[in-house]
file my_file_5.pdb (PDB, C-alpha atoms and all ligand atoms)
ATOM      1  CA  MET A   1      25.640 -14.575  18.134
ATOM      2  CA  PHE A   2      24.144 -11.167  17.372
ATOM      3  CA  GLU A   3      22.224 -11.204  20.671
ATOM      4  CA  SER A   4      21.400  -7.494  20.605
ATOM      5  CA  TYR A   5      19.821  -7.762  17.136
ATOM      6  CA  ARG A   6      17.804 -10.818  18.206
ATOM      7  CA  ASN A   7      16.567  -9.038  21.334
ATOM      8  CA  GLU A   8      15.636  -5.884  19.406
ATOM      9  CA  ILE A   9      13.618  -7.933  16.891
ATOM     10  CA  VAL A  10      11.765  -9.630  19.789
ATOM     11  CA  GLU A  11      11.014  -6.226  21.361
ATOM     12  CA  ILE A  12       9.847  -4.649  18.094
ATOM     13  CA  GLY A  13       7.635  -7.691  17.388
ATOM     14  CA  ARG A  14       6.062  -7.268  20.814
ATOM     15  CA  ARG A  15       5.381  -3.572  20.122
ATOM     16  CA  LEU A  16       3.901  -4.263  16.666
ATOM     17  CA  TRP A  17       1.560  -6.836  18.205
ATOM     18  CA  ALA A  18       0.689  -4.717  21.272
ATOM     19  CA  ARG A  19      -0.209  -1.717  19.087
ATOM     20  CA  GLY A  20      -2.426  -3.837  16.843
ATOM     21  CA  PHE A  21      -0.161  -3.325  13.810
ATOM     22  CA  VAL A  22      -0.313  -7.104  13.183
ATOM     23  CA  ALA A  23      -2.837  -9.875  13.814
ATOM     24  CA  SER A  24      -2.165 -13.598  14.100
ATOM     25  CA  ASN A  25       1.182 -14.388  12.396
ATOM     26  CA  ASP A  26       1.260 -11.223  10.220
ATOM     27  CA  GLY A  27       4.298  -9.061   9.691
ATOM     28  CA  ASN A  28       8.033  -9.629   9.578
ATOM     29  CA  ILE A  29      11.219  -7.929  10.731
ATOM     30  CA  SER A  30      14.811  -8.225   9.535
ATOM     31  CA  ALA A  31      18.236  -6.672  10.101
ATOM     32  CA  ARG A  32      21.483  -6.640   8.113
ATOM     33  CA  LEU A  33      24.261  -8.412  10.023
ATOM     34  CA  GLY A  34      26.957  -8.033   7.383
ATOM     35  CA  PRO A  35      27.535  -7.601   3.640
ATOM     36  CA  ASP A  36      25.809 -10.929   2.840
ATOM     37  CA  ARG A  37      24.015 -11.808   6.072
ATOM     38  CA  LEU A  38      20.515 -11.030   7.338
ATOM     39  CA  LEU A  39      18.731 -11.873  10.566
ATOM     40  CA  MET A  40      15.022 -12.442  10.022
ATOM     41  CA  THR A  41      11.847 -13.368  11.885
ATOM     42  CA  PRO A  42      10.775 -16.971  11.235
ATOM     43  CA  ALA A  43       7.638 -17.893   9.275
ATOM     44  CA  SER A  44       4.353 -18.666  11.061
ATOM     45  CA  VAL A  45       4.855 -17.115  14.498
ATOM     46  CA  SER A  46       2.972 -14.329  16.267
ATOM     47  CA  LYS A  47       5.253 -11.294  16.433
ATOM     48  CA  GLY A  48       4.019 -10.671  19.964
ATOM     49  CA  PHE A  49       5.463 -13.883  21.404
ATOM     50  CA  MET A  50       8.858 -14.464  19.817
ATOM     51  CA  THR A  51      12.075 -15.551  21.517
ATOM     52  CA  PRO A  52      15.634 -14.564  20.443
ATOM     53  CA  GLU A  53      16.658 -18.087  19.354
ATOM     54  CA  MET A  54      13.760 -18.314  16.866
ATOM     55  CA  MET A  55      15.421 -15.920  14.382
ATOM     56  CA  VAL A  56      16.802 -17.226  11.096
ATOM     57  CA  ILE A  57      20.078 -16.136   9.479
ATOM     58  CA  THR A  58      20.096 -16.042   5.646
ATOM     59  CA  ASP A  59      22.343 -14.686   2.927
ATOM     60  CA  LEU A  60      21.213 -11.935   0.504
ATOM     61  CA  ASP A  61      19.758 -14.599  -1.823
ATOM     62  CA  GLY A  62      17.542 -15.883   0.985
ATOM     63  CA  LYS A  63      19.525 -19.116   1.507
ATOM     64  CA  VAL A  64      19.304 -20.273   5.135
ATOM     65  CA  ILE A  65      22.696 -20.102   6.866
ATOM     66  CA  GLU A  66      21.554 -20.812  10.407
ATOM     67  CA  ALA A  67      18.168 -21.694  11.904
ATOM     68  CA  ALA A  68      16.757 -23.533  14.889
ATOM     69  CA  PRO A  69      15.231 -26.938  13.969
ATOM     70  CA  GLY A  70      11.975 -26.512  12.053
ATOM     71  CA  ARG A  71      12.408 -22.728  11.574
ATOM     72  CA  LYS A  72      12.109 -21.229   8.104
ATOM     73  CA  PRO A  73      12.649 -17.587   7.073
ATOM     74  CA  SER A  74       9.664 -15.232   6.933
ATOM     75  CA  SER A  75       7.212 -15.829   4.077
ATOM     76  CA  GLU A  76       7.911 -12.237   2.916
ATOM     77  CA  ALA A  77      11.675 -12.830   2.764
ATOM     78  CA  LEU A  78      11.722 -11.920  -0.954
ATOM     79  CA  MET A  79      10.441  -8.402  -0.253
ATOM     80  CA  HIS A  80      13.100  -7.942   2.458
ATOM     81  CA  LEU A  81      15.879  -9.206   0.137
ATOM     82  CA  VAL A  82      14.801  -6.762  -2.577
ATOM     83  CA  ALA A  83      14.857  -3.887  -0.063
ATOM     84  CA  TYR A  84      18.449  -4.652   1.026
ATOM     85  CA  ARG A  85      19.606  -5.039  -2.586
ATOM     86  CA  GLN A  86      18.009  -1.732  -3.649
ATOM     87  CA  ARG A  87      19.248   0.177  -0.634
ATOM     88  CA  PRO A  88      22.813  -0.408   0.559
ATOM     89  CA  ASP A  89      22.243   2.446   3.055
ATOM     90  CA  ILE A  90      19.605   0.592   5.112
ATOM     91  CA  GLY A  91      20.184  -1.837   7.948
ATOM     92  CA  ALA A  92      16.659  -2.992   8.809
ATOM     93  CA  VAL A  93      13.179  -3.646   7.377
ATOM     94  CA  VAL A  94       9.826  -3.822   9.179
ATOM     95  CA  HIS A  95       6.645  -5.031   7.468
ATOM     96  CA  ALA A  96       3.236  -4.891   9.189
ATOM     97  CA  HIS A  97      -0.473  -4.326   8.582
ATOM     98  CA  PRO A  98      -1.287  -1.250  10.734
ATOM     99  CA  PRO A  99      -5.051  -0.828  10.281
ATOM    100  CA  THR A 100      -5.399   2.861   9.351
ATOM    101  CA  ALA A 101      -2.441   2.966   6.956
ATOM    102  CA  THR A 102      -3.606  -0.352   5.478
ATOM    103  CA  GLY A 103      -7.074   1.214   5.090
ATOM    104  CA  PHE A 104      -5.489   3.932   2.895
ATOM    105  CA  ALA A 105      -3.678   1.172   0.957
ATOM    106  CA  VAL A 106      -6.999  -0.626   0.437
ATOM    107  CA  ALA A 107      -8.749   2.609  -0.623
ATOM    108  CA  GLY A 108      -5.901   3.352  -3.050
ATOM    109  CA  ILE A 109      -5.146   6.702  -1.359
ATOM    110  CA  PRO A 110      -1.404   7.429  -0.983
ATOM    111  CA  LEU A 111      -0.162   9.345   2.066
ATOM    112  CA  ASP A 112       1.438  12.038  -0.069
ATOM    113  CA  ARG A 113      -0.056  15.347   1.082
ATOM    114  CA  ALA A 114       2.020  17.991   2.838
ATOM    115  CA  VAL A 115       0.127  17.886   6.124
ATOM    116  CA  LEU A 116       2.597  17.242   8.939
ATOM    117  CA  ALA A 117       5.981  18.977   9.050
ATOM    118  CA  GLU A 118       7.601  16.012  10.805
ATOM    119  CA  VAL A 119       6.485  13.591   8.080
ATOM    120  CA  VAL A 120       7.572  15.872   5.215
ATOM    121  CA  THR A 121      11.018  16.161   6.829
ATOM    122  CA  THR A 122      11.551  12.495   7.639
ATOM    123  CA  LEU A 123       9.594  10.334   5.191
ATOM    124  CA  GLY A 124       8.613  12.829   2.454
ATOM    125  CA  SER A 125       5.698  10.861   1.067
ATOM    126  CA  ILE A 126       4.380   7.332   1.430
ATOM    127  CA  PRO A 127       3.276   6.109  -2.008
ATOM    128  CA  ILE A 128       1.324   2.906  -2.768
ATOM    129  CA  ALA A 129       2.950  -0.012  -4.554
ATOM    130  CA  GLU A 130       0.605  -1.833  -6.932
ATOM    131  CA  TYR A 131      -0.931  -5.026  -5.641
ATOM    132  CA  GLY A 132       1.191  -8.143  -5.744
ATOM    133  CA  THR A 133       0.296 -11.507  -4.230
ATOM    134  CA  PRO A 134       1.861 -11.698  -0.735
ATOM    135  CA  SER A 135       4.987 -13.867  -0.383
ATOM    136  CA  THR A 136       5.643 -13.874  -4.144
ATOM    137  CA  ARG A 137       8.269 -12.380  -6.446
ATOM    138  CA  GLU A 138       5.402 -10.296  -7.922
ATOM    139  CA  LEU A 139       5.018  -8.342  -4.661
ATOM    140  CA  ALA A 140       8.786  -7.843  -4.313
ATOM    141  CA  ASP A 141       8.924  -6.545  -7.919
ATOM    142  CA  THR A 142       6.096  -4.010  -7.508
ATOM    143  CA  VAL A 143       7.601  -2.592  -4.302
ATOM    144  CA  ALA A 144      11.236  -2.467  -5.494
ATOM    145  CA  PRO A 145      11.101   0.729  -7.643
ATOM    146  CA  LEU A 146       9.428   2.736  -4.858
ATOM    147  CA  LEU A 147      11.861   1.508  -2.193
ATOM    148  CA  ARG A 148      14.694   3.150  -4.136
ATOM    149  CA  SER A 149      13.398   6.603  -3.236
ATOM    150  CA  HIS A 150      11.184   6.046  -0.155
ATOM    151  CA  ASP A 151      11.674   4.751   3.399
ATOM    152  CA  GLY A 152       7.957   4.031   3.760
ATOM    153  CA  VAL A 153       5.648   2.446   1.184
ATOM    154  CA  LEU A 154       2.023   1.260   1.380
ATOM    155  CA  LEU A 155       1.293  -2.091  -0.240
ATOM    156  CA  ALA A 156      -2.055  -2.067  -2.078
ATOM    157  CA  ASN A 157      -4.666  -4.260  -0.344
ATOM    158  CA  HIS A 158      -2.046  -5.547   2.064
ATOM    159  CA  GLY A 159      -0.097  -3.328   4.496
ATOM    160  CA  ALA A 160       3.033  -1.210   4.763
ATOM    161  CA  ILE A 161       6.823  -1.543   4.744
ATOM    162  CA  ALA A 162       9.358   0.714   6.462
ATOM    163  CA  LEU A 163      13.139   0.847   6.021
ATOM    164  CA  GLY A 164      15.713   2.313   8.382
ATOM    165  CA  LYS A 165      19.407   2.514   9.147
ATOM    166  CA  ASP A 166      18.800   0.194  12.120
ATOM    167  CA  LEU A 167      15.939  -1.838  13.621
ATOM    168  CA  PHE A 168      14.420   0.863  15.792
ATOM    169  CA  SER A 169      14.674   3.495  13.072
ATOM    170  CA  ALA A 170      12.663   1.214  10.718
ATOM    171  CA  TYR A 171      10.144   0.461  13.485
ATOM    172  CA  TYR A 172       9.676   4.154  14.356
ATOM    173  CA  LYS A 173       9.006   4.895  10.689
ATOM    174  CA  MET A 174       6.227   2.282  10.784
ATOM    175  CA  GLU A 175       4.783   4.093  13.835
ATOM    176  CA  THR A 176       5.004   7.435  11.976
ATOM    177  CA  ILE A 177       3.218   5.987   8.927
ATOM    178  CA  GLU A 178       0.313   4.735  11.054
ATOM    179  CA  HIS A 179       0.162   7.964  13.099
ATOM    180  CA  PHE A 180       0.139  10.060   9.901
ATOM    181  CA  ALA A 181      -2.608   7.849   8.436
ATOM    182  CA  THR A 182      -4.741   8.230  11.583
ATOM    183  CA  ILE A 183      -4.365  12.038  11.624
ATOM    184  CA  SER A 184      -5.105  12.247   7.882
ATOM    185  CA  LEU A 185      -8.219  10.141   8.364
ATOM    186  CA  VAL A 186      -9.502  12.334  11.213
ATOM    187  CA  ALA A 187      -8.842  15.544   9.211
ATOM    188  CA  ARG A 188     -10.684  14.123   6.209
ATOM    189  CA  GLN A 189     -13.590  13.025   8.407
ATOM    190  CA  LEU A 190     -13.751  16.578   9.806
ATOM    191  CA  GLY A 191     -13.944  17.726   6.184
ATOM    192  CA  ARG A 192     -10.922  20.023   6.134
ATOM    193  CA  GLU A 193      -7.319  19.304   5.328
ATOM    194  CA  HIS A 194      -5.203  22.445   5.154
ATOM    195  CA  LEU A 195      -1.950  21.678   3.371
ATOM    196  CA  LEU A 196       1.460  23.214   3.940
ATOM    197  CA  SER A 197       2.606  25.422   1.060
ATOM    198  CA  ARG A 198       5.214  24.336  -1.461
ATOM    199  CA  GLU A 199       7.478  27.033  -0.029
ATOM    200  CA  GLU A 200       7.173  25.463   3.452
ATOM    201  CA  VAL A 201       7.806  21.993   1.994
ATOM    202  CA  GLU A 202      11.049  23.301   0.507
ATOM    203  CA  ARG A 203      12.010  24.847   3.848
ATOM    204  CA  LEU A 204      11.329  21.524   5.604
ATOM    205  CA  GLN A 205      13.407  19.701   3.033
ATOM    206  CA  GLY A 206      16.263  22.074   3.912
ATOM    207  CA  LEU A 207      15.966  20.928   7.534
ATOM    208  CA  ARG A 208      16.868  17.387   6.490
ATOM    209  CA  GLY A 209      20.411  18.615   5.979
ATOM    210  CA  THR A 210      20.446  20.674   9.192
ATOM    211  CA  TYR A 211      19.320  17.742  11.339
ATOM    212  CA  GLY A 212      21.307  15.152   9.409
ATOM    213  CA  ILE A 213      18.179  13.255   8.360
ATOM    214  CA  ALA A 214      19.165  10.699   5.754
ATOM    215  CA  SER A 215      16.634  10.509   2.949
ATOM    216  CA  PRO A 216      16.940   8.232  -0.085
ATOM    217  CA  ALA A 217      15.672  10.952  -2.464
ATOM    218  CA  PRO A 218      14.740  14.642  -2.556
ATOM    219  CA  ILE A 219      11.161  15.911  -2.742
ATOM    220  CA  CYS A 220      10.117  16.359  -6.391
ATOM    221  CA  PRO A 221      10.036  19.966  -7.609
ATOM    222  CA  ASP A 222       6.559  21.442  -7.974
ATOM    223  CA  PRO A 223       4.935  19.633 -10.910
ATOM    224  CA  GLY A 224       2.957  22.814 -11.705
ATOM    225  CA  PRO A 225      -0.782  23.187 -12.198
ATOM    226  CA  GLY A 226      -2.302  20.000 -13.535
ATOM    227  CA  GLY A 227       1.140  18.489 -13.980
ATOM    228  CA  VAL A 228       1.955  15.071 -12.647
ATOM    229  CA  THR A 229       5.503  14.193 -11.730
ATOM    230  CA  VAL A 230       6.367  10.602 -12.532
ATOM    231  CA  ASP A 231      10.047  10.825 -11.730
ATOM    232  CA  PRO A 232      10.773   7.714  -9.646
ATOM    233  CA  SER A 233      13.955   9.280  -8.272
ATOM    234  CA  CYS A 234      12.141  11.825  -6.094
ATOM    235  CA  GLN A 235       9.301  11.894  -3.556
ATOM    236  CA  ILE A 236       5.984  13.345  -4.682
ATOM    237  CA  VAL A 237       4.589  15.604  -1.968
ATOM    238  CA  VAL A 238       1.297  17.330  -2.784
ATOM    239  CA  ALA A 239       1.447  20.994  -1.720
ATOM    240  CA  PRO A 240      -0.129  24.209  -3.056
ATOM    241  CA  SER A 241       2.359  26.428  -4.924
ATOM    242  CA  SER A 242       1.735  29.550  -2.831
ATOM    243  CA  SER A 243       0.785  29.938   0.788
ATOM    244  CA  GLY A 244      -2.434  31.796  -0.086
ATOM    245  CA  GLU A 245      -3.629  28.976  -2.308
ATOM    246  CA  ARG A 246      -5.245  25.843  -0.983
ATOM    247  CA  LEU A 247      -5.338  22.565  -2.807
ATOM    248  CA  VAL A 248      -8.136  21.438  -0.574
ATOM    249  CA  ALA A 249     -10.432  24.448  -0.410
ATOM    250  CA  ASP A 250     -13.162  24.874   2.153
ATOM    251  CA  THR A 251     -16.567  25.527   0.709
ATOM    252  CA  SER A 252     -19.830  24.845   2.382
ATOM    253  CA  VAL A 253     -23.410  24.037   1.658
ATOM    254  CA  GLY A 254     -25.763  24.581   4.557
ATOM    255  CA  GLY A 255     -22.822  24.806   6.936
ATOM    256  CA  ASN A 256     -21.355  21.439   5.893
ATOM    257  CA  ALA A 257     -17.771  21.472   4.678
ATOM    258  CA  LEU A 258     -17.082  20.082   1.230
ATOM    259  CA  THR A 259     -13.743  18.913  -0.089
ATOM    260  CA  VAL A 260     -12.491  20.251  -3.417
ATOM    261  CA  GLY A 261      -9.374  18.687  -4.858
ATOM    262  CA  ASN A 262      -6.929  20.550  -7.121
ATOM    263  CA  ASP A 263      -8.233  18.505 -10.025
ATOM    264  CA  GLY A 264     -11.665  20.019  -9.408
ATOM    265  CA  GLU A 265     -13.059  16.827  -7.905
ATOM    266  CA  ILE A 266     -15.708  17.479  -5.257
ATOM    267  CA  ARG A 267     -16.907  14.892  -2.770
ATOM    268  CA  LEU A 268     -20.480  15.257  -1.537
ATOM    269  CA  THR A 269     -22.527  13.355   0.966
ATOM    270  CA  TYR A 270     -25.981  12.229  -0.159
ATOM    271  CA  ALA A 271     -27.561  14.990   1.985
ATOM    272  CA  GLN A 272     -25.301  17.663   0.450
ATOM    273  CA  LEU A 273     -26.109  16.464  -3.076
ATOM    274  CA  THR A 274     -29.850  16.531  -2.357
ATOM    275  CA  GLU A 275     -29.510  20.039  -0.945
ATOM    276  CA  LEU A 276     -27.697  21.245  -4.086
ATOM    277  CA  ILE A 277     -30.362  19.749  -6.369
ATOM    278  CA  ASP A 278     -33.158  21.276  -4.268
ATOM    279  CA  GLU A 279     -31.417  24.654  -4.468
ATOM    280  CA  ALA A 280     -31.049  24.399  -8.269
ATOM    281  CA  VAL A 281     -34.692  23.354  -8.728
ATOM    282  CA  LYS A 282     -35.821  26.260  -6.503
ATOM    283  CA  GLN A 283     -33.859  28.722  -8.650
ATOM    284  CA  LEU A 284     -35.321  27.262 -11.860
ATOM    285  CA  VAL A 285     -38.851  27.539 -10.444
ATOM    286  CA  GLN A 286     -38.199  31.171  -9.435
ATOM    287  CA  LYS A 287     -36.957  32.020 -12.966
ATOM    288  CA  ALA A 288     -39.997  30.344 -14.519
TER     289      ALA A 288
HETATM  290 ZN    ZN B 301       1.973  -8.816   5.066
END
call {"tool": "encode", "arguments": {"input": "my_file_5.pdb", "output": "C-alpha cells"}}
result
Amino acid sequence: MFESYRNEIVEIGRRLWARGFVASNDGNISARLGPDRLLMTPASVSKGFMTPEMMVITDLDGKVIEAAPGRKPSSEALMHLVAYRQRPDIGAVVHAHPPTATGFAVAGIPLDRAVLAEVVTTLGSIPIAEYGTPSTRELADTVAPLLRSHDGVLLANHGAIALGKDLFSAYYKMETIEHFATISLVARQLGREHLLSREEVERLQGLRGTYGIASPAPICPDPGPGGVTVDPSCQIVVAPSSSGERLVADTSVGGNALTVGNDGEIRLTYAQLTELIDEAVKQLVQKA
C-alpha cells in the first residue's frame, strides 16, 4: 500500500545521497499517510540505495504498525513525530546533513539575512535550534518551538530539517536551504553581502499571498535599531530599515573589503589588522 509515497521516498533518498547531502546512513525522510499514520525511512540504511518495501509505517507515537522483518523506524523518528504534532498543515519531513548549511549550523550562524528574494518569500529565515544529542528526546524538544513558525531549521552541530505539504515540497526546501547557505558563504568570502531593505522584505512577504505560498508564520516586524525580536510566532529576517542604509557596510583598508555588522562588530584578517596598527603608529610618530 501507499506505493507512490514509498517510491517518492526512495527517489528523494537517492537525490539526497547523490547531491552529497548525506553520508553513510545519515538522514531520514517521512510522510503523513493519514491522521495517525506515518511512512518513514528505516534505521541504518544508506538513503542512496533504498527500496520501496524497506519503509516502516508507524503511528504518531512512533509505534510500529507495519515493517518488513528486521526493519526499525529511523533513529530520528522522535524529531519527525514532534514536527507532525506541531504542524497539522505539513505532510512530509526531510532531515539531512548538507555540508554548507551544516557548516553554518556548526559555526552558530543562522541563515536569517534578507539576501535572496526567493528565500525570503518561501522560507523567511532558517534559524538554528540549540544542540541536542541526535536520536534523543532532547533534540526533538529543542527543535519543536522553531518548527512551529519555520519550514526550515538548522540543527546546531548536526544538520538541517525541512518540512513541506508533501514529500517533494519538503525535499525542495532542503535544496533551497543548502543553495542559500552556499550563496551566503560565497558572498561572505567575497567580503560583501548587500541586504534587501526592510521595505523590500515586506513587499516579498506580500507576494506569499499572491502566489499562494503557505507559510507557518509571518516575518517579524522590524525590531528597530539595536532591538532583538524574540517572538517565537514570527520569522526573524535581518534587513536594514531603509533602502539607503546597509546593515553590512562596505569599508576598505588598502583595497580589502571589511565587514561591519549592525552591532558595530568588524571582522578583520590578520593582514588588515596589522595594516591598521601600522597606520595608527605612523600617525602617532608624525604627531610626535
Ligand atoms: Zn542527522
call {"tool": "closest_atom_pairs", "arguments": {"input": "my_file_5.pdb", "of": "chain A", "to": "ligand ZN 301 (chain B)", "cutoff": "12 Å", "atoms": "all atoms listed in the file", "output": "CSV"}}
result
residue,atom,partner,partner_atom,distance
A:Phe21,CA,B:ZN301,ZN,10.5
A:Val22,CA,B:ZN301,ZN,8.6
A:Ala23,CA,B:ZN301,ZN,10.0
A:Ser24,CA,B:ZN301,ZN,11.0
A:Asn25,CA,B:ZN301,ZN,9.2
A:Asp26,CA,B:ZN301,ZN,5.7
A:Gly27,CA,B:ZN301,ZN,5.2
A:Asn28,CA,B:ZN301,ZN,7.6
A:Ile29,CA,B:ZN301,ZN,10.9
A:Ala43,CA,B:ZN301,ZN,11.5
A:Ser44,CA,B:ZN301,ZN,11.8
A:Ser74,CA,B:ZN301,ZN,10.2
A:Ser75,CA,B:ZN301,ZN,8.8
A:Glu76,CA,B:ZN301,ZN,7.2
A:Ala77,CA,B:ZN301,ZN,10.7
A:Leu78,CA,B:ZN301,ZN,11.9
A:Met79,CA,B:ZN301,ZN,10.0
A:His80,CA,B:ZN301,ZN,11.5
A:Val94,CA,B:ZN301,ZN,10.2
A:His95,CA,B:ZN301,ZN,6.5
A:Ala96,CA,B:ZN301,ZN,5.8
A:His97,CA,B:ZN301,ZN,6.2
A:Pro98,CA,B:ZN301,ZN,10.0
A:Pro99,CA,B:ZN301,ZN,11.8
A:Thr102,CA,B:ZN301,ZN,10.1
A:Tyr131,CA,B:ZN301,ZN,11.7
A:Gly132,CA,B:ZN301,ZN,10.9
A:Thr133,CA,B:ZN301,ZN,9.8
A:Pro134,CA,B:ZN301,ZN,6.5
A:Ser135,CA,B:ZN301,ZN,8.0
A:Thr136,CA,B:ZN301,ZN,11.1
A:Leu139,CA,B:ZN301,ZN,10.2
A:Ala140,CA,B:ZN301,ZN,11.6
A:Leu154,CA,B:ZN301,ZN,10.7
A:Leu155,CA,B:ZN301,ZN,8.6
A:Ala156,CA,B:ZN301,ZN,10.6
A:Asn157,CA,B:ZN301,ZN,9.7
A:His158,CA,B:ZN301,ZN,6.0
A:Gly159,CA,B:ZN301,ZN,5.9
A:Ala160,CA,B:ZN301,ZN,7.7
A:Ile161,CA,B:ZN301,ZN,8.7
call {"tool": "write_last_selection", "arguments": {"input": "my_file_5.pdb", "atoms": "C-alpha atoms", "output": "PDB file, in the coordinates of the input"}}
result
ATOM      1  CA  PHE A  21      -0.161  -3.325  13.810  1.00  0.00           C
ATOM      2  CA  VAL A  22      -0.313  -7.104  13.183  1.00  0.00           C
ATOM      3  CA  ALA A  23      -2.837  -9.875  13.814  1.00  0.00           C
ATOM      4  CA  SER A  24      -2.165 -13.598  14.100  1.00  0.00           C
ATOM      5  CA  ASN A  25       1.182 -14.388  12.396  1.00  0.00           C
ATOM      6  CA  ASP A  26       1.260 -11.223  10.220  1.00  0.00           C
ATOM      7  CA  GLY A  27       4.298  -9.061   9.691  1.00  0.00           C
ATOM      8  CA  ASN A  28       8.033  -9.629   9.578  1.00  0.00           C
ATOM      9  CA  ILE A  29      11.219  -7.929  10.731  1.00  0.00           C
ATOM     10  CA  ALA A  43       7.638 -17.893   9.275  1.00  0.00           C
ATOM     11  CA  SER A  44       4.353 -18.666  11.061  1.00  0.00           C
ATOM     12  CA  SER A  74       9.664 -15.232   6.933  1.00  0.00           C
ATOM     13  CA  SER A  75       7.212 -15.829   4.077  1.00  0.00           C
ATOM     14  CA  GLU A  76       7.911 -12.237   2.916  1.00  0.00           C
ATOM     15  CA  ALA A  77      11.675 -12.830   2.764  1.00  0.00           C
ATOM     16  CA  LEU A  78      11.722 -11.920  -0.954  1.00  0.00           C
ATOM     17  CA  MET A  79      10.441  -8.402  -0.253  1.00  0.00           C
ATOM     18  CA  HIS A  80      13.100  -7.942   2.458  1.00  0.00           C
ATOM     19  CA  VAL A  94       9.826  -3.822   9.179  1.00  0.00           C
ATOM     20  CA  HIS A  95       6.645  -5.031   7.468  1.00  0.00           C
ATOM     21  CA  ALA A  96       3.236  -4.891   9.189  1.00  0.00           C
ATOM     22  CA  HIS A  97      -0.473  -4.326   8.582  1.00  0.00           C
ATOM     23  CA  PRO A  98      -1.287  -1.250  10.734  1.00  0.00           C
ATOM     24  CA  PRO A  99      -5.051  -0.828  10.281  1.00  0.00           C
ATOM     25  CA  THR A 102      -3.606  -0.352   5.478  1.00  0.00           C
ATOM     26  CA  TYR A 131      -0.931  -5.026  -5.641  1.00  0.00           C
ATOM     27  CA  GLY A 132       1.191  -8.143  -5.744  1.00  0.00           C
ATOM     28  CA  THR A 133       0.296 -11.507  -4.230  1.00  0.00           C
ATOM     29  CA  PRO A 134       1.861 -11.698  -0.735  1.00  0.00           C
ATOM     30  CA  SER A 135       4.987 -13.867  -0.383  1.00  0.00           C
ATOM     31  CA  THR A 136       5.643 -13.874  -4.144  1.00  0.00           C
ATOM     32  CA  LEU A 139       5.018  -8.342  -4.661  1.00  0.00           C
ATOM     33  CA  ALA A 140       8.786  -7.843  -4.313  1.00  0.00           C
ATOM     34  CA  LEU A 154       2.023   1.260   1.380  1.00  0.00           C
ATOM     35  CA  LEU A 155       1.293  -2.091  -0.240  1.00  0.00           C
ATOM     36  CA  ALA A 156      -2.055  -2.067  -2.078  1.00  0.00           C
ATOM     37  CA  ASN A 157      -4.666  -4.260  -0.344  1.00  0.00           C
ATOM     38  CA  HIS A 158      -2.046  -5.547   2.064  1.00  0.00           C
ATOM     39  CA  GLY A 159      -0.097  -3.328   4.496  1.00  0.00           C
ATOM     40  CA  ALA A 160       3.033  -1.210   4.763  1.00  0.00           C
ATOM     41  CA  ILE A 161       6.823  -1.543   4.744  1.00  0.00           C
TER      42      ILE A 161
END
call {"tool": "residues_around", "arguments": {"input": "my_file_5.pdb", "residues": "A:Glu202", "least_positions_apart": "5", "cutoff": "12 Å", "atoms": "all atoms listed in the file", "output": "ChimeraX atom specification"}}
result
/A:114,117,120-121,124,196-197,207-209,218-222,237-242
call {"tool": "resolve_selection", "arguments": {"input": "my_file_5.pdb", "expression": "the PyMOL selection byres (((chain A and resi 86) around 12) and not hetatm)", "output": "VMD selection string"}}
result
chain A and resid 60 79 to 85 87 to 91 140 to 141 143 to 151 163 216
call {"tool": "atom_distance", "arguments": {"input": "my_file_5.pdb", "atom1": "atom CA of A:Gly13", "atom2": "atom CA of A:Met54"}}
result
12.3 Å
call {"tool": "resolve_selection", "arguments": {"input": "my_file_5.pdb", "expression": "the PyMOL selection byres (((chain A and resi 14) around 8) and not hetatm)", "output": "PyMOL selection string"}}
result
chain A and resi 10-13+15-18+47-50
call {"tool": "resolve_selection", "arguments": {"input": "my_file_5.pdb", "expression": "the PyMOL selection byres (((chain A and resi 31) around 9) and not hetatm)", "output": "list in words"}}
result
Tyr5, Ile9, Ile29, Ser30, Arg32, Leu33, Arg37, Leu38, Leu39, Met40, Ile90, Gly91, Ala92, Val93, Val94, Asp166 and Leu167 of chain A
call {"tool": "atom_distance", "arguments": {"input": "my_file_5.pdb", "atom1": "atom CA of A:Cys234", "atom2": "atom CA of A:Ala217"}}
result
5.1 Å
call {"tool": "atom_distance", "arguments": {"input": "my_file_5.pdb", "atom1": "atom CA of A:Thr100", "atom2": "atom CA of A:Arg203"}}
result
28.6 Å
call {"tool": "closest_residue", "arguments": {"input": "my_file_5.pdb", "among": "A:Glu200, A:Glu279, A:Glu138, A:Asp36", "to": "A:Ile57", "atoms": "only C-alpha atoms"}}
result
A:Asp36
call {"tool": "residues_near_point", "arguments": {"input": "my_file_5.pdb", "point": "(3.2, 12.6, 2.3)", "cutoff": "9 Å", "atoms": "all atoms listed in the file", "output": "list in words"}}
result
Pro110, Leu111, Asp112, Arg113, Ala114, Val115, Leu116, Val119, Val120, Leu123, Gly124, Ser125, Ile126, Pro127, Phe180, Gln235, Ile236, Val237 and Val238 of chain A
call {"tool": "write_last_selection", "arguments": {"input": "my_file_5.pdb", "atoms": "C-alpha atoms", "output": "tab-separated table (two decimals), keeping the file's coordinate frame"}}
result
chain	number	residue	atom	x	y	z
A	110	PRO	CA	-1.40	7.43	-0.98
A	111	LEU	CA	-0.16	9.35	2.07
A	112	ASP	CA	1.44	12.04	-0.07
A	113	ARG	CA	-0.06	15.35	1.08
A	114	ALA	CA	2.02	17.99	2.84
A	115	VAL	CA	0.13	17.89	6.12
A	116	LEU	CA	2.60	17.24	8.94
A	119	VAL	CA	6.48	13.59	8.08
A	120	VAL	CA	7.57	15.87	5.22
A	123	LEU	CA	9.59	10.33	5.19
A	124	GLY	CA	8.61	12.83	2.45
A	125	SER	CA	5.70	10.86	1.07
A	126	ILE	CA	4.38	7.33	1.43
A	127	PRO	CA	3.28	6.11	-2.01
A	180	PHE	CA	0.14	10.06	9.90
A	235	GLN	CA	9.30	11.89	-3.56
A	236	ILE	CA	5.98	13.34	-4.68
A	237	VAL	CA	4.59	15.60	-1.97
A	238	VAL	CA	1.30	17.33	-2.78
